[in-house]
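Peer 1: This is the structure, below, for whatever I ask next.
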Amino acid sequence: MAPFDKYSYYRRSVQAPDTDVEFLRDTYKEIRGVLPTTLREDFCGTFSICCEWAKLGPRYRAHGIDLDYEPIQYGMTHYLPQLSTSQKERVQIHQENVLNPGLPRADVIAAMNFSHFIFKERAMMKSYFHNCYATLNPGGILVCDAFGGSRCGEANEEETKHRGFTYYWDQESFDPVSNYATFHIHFKPDGQKKIEKVFTYDWRMWTLPELREMMMETGFRKTHVYWEGTTKSGAGDGVFRPTEKGEECEAWIAYVVGEK
């Protein structure tokens with residue numbers, strides 16, 4: 001039996017990097033009127049978004065930033081080899097802290113998969129936003145995703161069936177005093193035992209108004225919220241549009257975009 005490949009299961013469950021890069025590119029163009037060229041993927045992990053960005057064309061360059069060697073090495077072994085020689089040359093990965101000064105400059109900085117929720121204190125999140133503002137090119141944008149809804153205020157577990165396995169998103173706890181929450185991802189390959197706590201997240205659940213306020217407090221001149229639409233059945237449809245009014249949902253996903 002082949003060894004369990006947690007990063008492959010993760011990508012097949014929760015990532016859509018080809019769609020992500022189109023959203024990032026099109027959002028920049030919608031706001032600025034021109035196409036971006038340089039992306040910085042903070043908390044990049046296996047840097048799949050960087051790789052997809054390079055595939056957009058010969059003008060597109062990407063930088064990935066992450067502290068953890070293991071996922072970076074996975075991306076070097078599994079994703080980078082899938083690129084052409086010229087595409088590889090336009091992807092640079094840096095094993096660094098996203099709070100470090102002097103990170104590569106970019107037209108678009110993306111913090112995806114709620115990774116910035118690791119910053120639990122307001123001062124720390126503002127330090128991150130300050131650093132993003134300082135390293136964005138003039139007119140650049142910072143794109144952060146967020147999630148919430150009434151269901152996130154209590155312990156719960158959601159399972160989703162995929163081809164060959166089941167994915168579990170397990171919210172273990174929520175503290176309404178601090179808004180701290182703990183989450184786990186479990187997987188159950190078909191015909192095998194459930195593999196518990198493959199990934200664990202210890203986060204603060206930041207609200208959309210808080211994220212927008214902190215962006216404005218750190219220099220961003222304007223912020224936008226891109227809200228996900230719904231299908232007839234009420235599920236998310238994966239299409240995000242700018243709005244100033246959301247919906248009452250048990251669970252929602254949105255993007256907060258800050259303009260430099």
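Letters A, B, ... mark the chains of the structure tokens in the order given; residue numbers begin at 1 per chain; ligand numbers begin at 1, in order shown.
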Using only C-alpha atoms, which protein or nucleic acid residues come within 10 Å of segment 99-113 of chain A? Drop anything in the same chain fewer than 4 positions from it, and give the result as a VMD selection string.
Peer 2: chain A and resid 14 to 15 20 to 21 24 to 25 27 to 28 35 to 44 49 61 to 65 92 94 117 124 to 125 127 to 147 255 257 to 260
Peer 1: Counting only C-alpha atoms, what is within 9 Å of segment 66-81 of chain A, bar same-chain residues fewer than 5 positions away, as a list in words?
Peer 2: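 With the cut-off at 9 Å, the set is Tyr7, Glu41, Asp42, Phe43, Cys44, Gly45, Thr46, Phe47, Ser48, Cys51, Gln87, Lys88, Val91, Ile93, His94, Gln95, Glu96, Asn97 and Val98 of chain A.
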Peer 1: Taking only segment 113-155 of chain A into account, list the residues labelled alpha helix (DSSP H) by DSSP (computed from the backbone), as a list in words.
Peer 2: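 Of segment 113-155 of chain A, the ones in alpha helix (DSSP H) are Arg122, Ala123, Met124, Met125, Lys126, Ser127, Tyr128, Phe129, His130, Asn131, Cys132, Tyr133, Ala134 and Thr135 of chain A.
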Peer 1: Could you tell me, as an MDAnalysis selection string, which residues of segment 18-259 of chain A DSSP assigns to strand (DSSP E) when given the backbone?
Peer 2: chainID A and resid 38:42 61:65 91:94 106:111 136:148 156:162 165:175 180:189 195:204 222:230 236:243 252:259
Peer 1: Report, in Å to a single decimal, how far apart atom CA of His184 of chain A and atom CA of Glu157 of chain A are.
Peer 2: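 Going from atom CA of Glu157 of chain A over to atom CA of His184 of chain A, I get 9.2 Å.
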Peer 1: Could you list, as a PyMOL selection string, every residue within 12 Å of Phe183 of chain A, counting only C-alpha atoms and ignoring same-chain residues fewer than 3 positions away?
Peer 2: chain A and resi 114+117-118+152+154-158+168-174+180+186+196-205
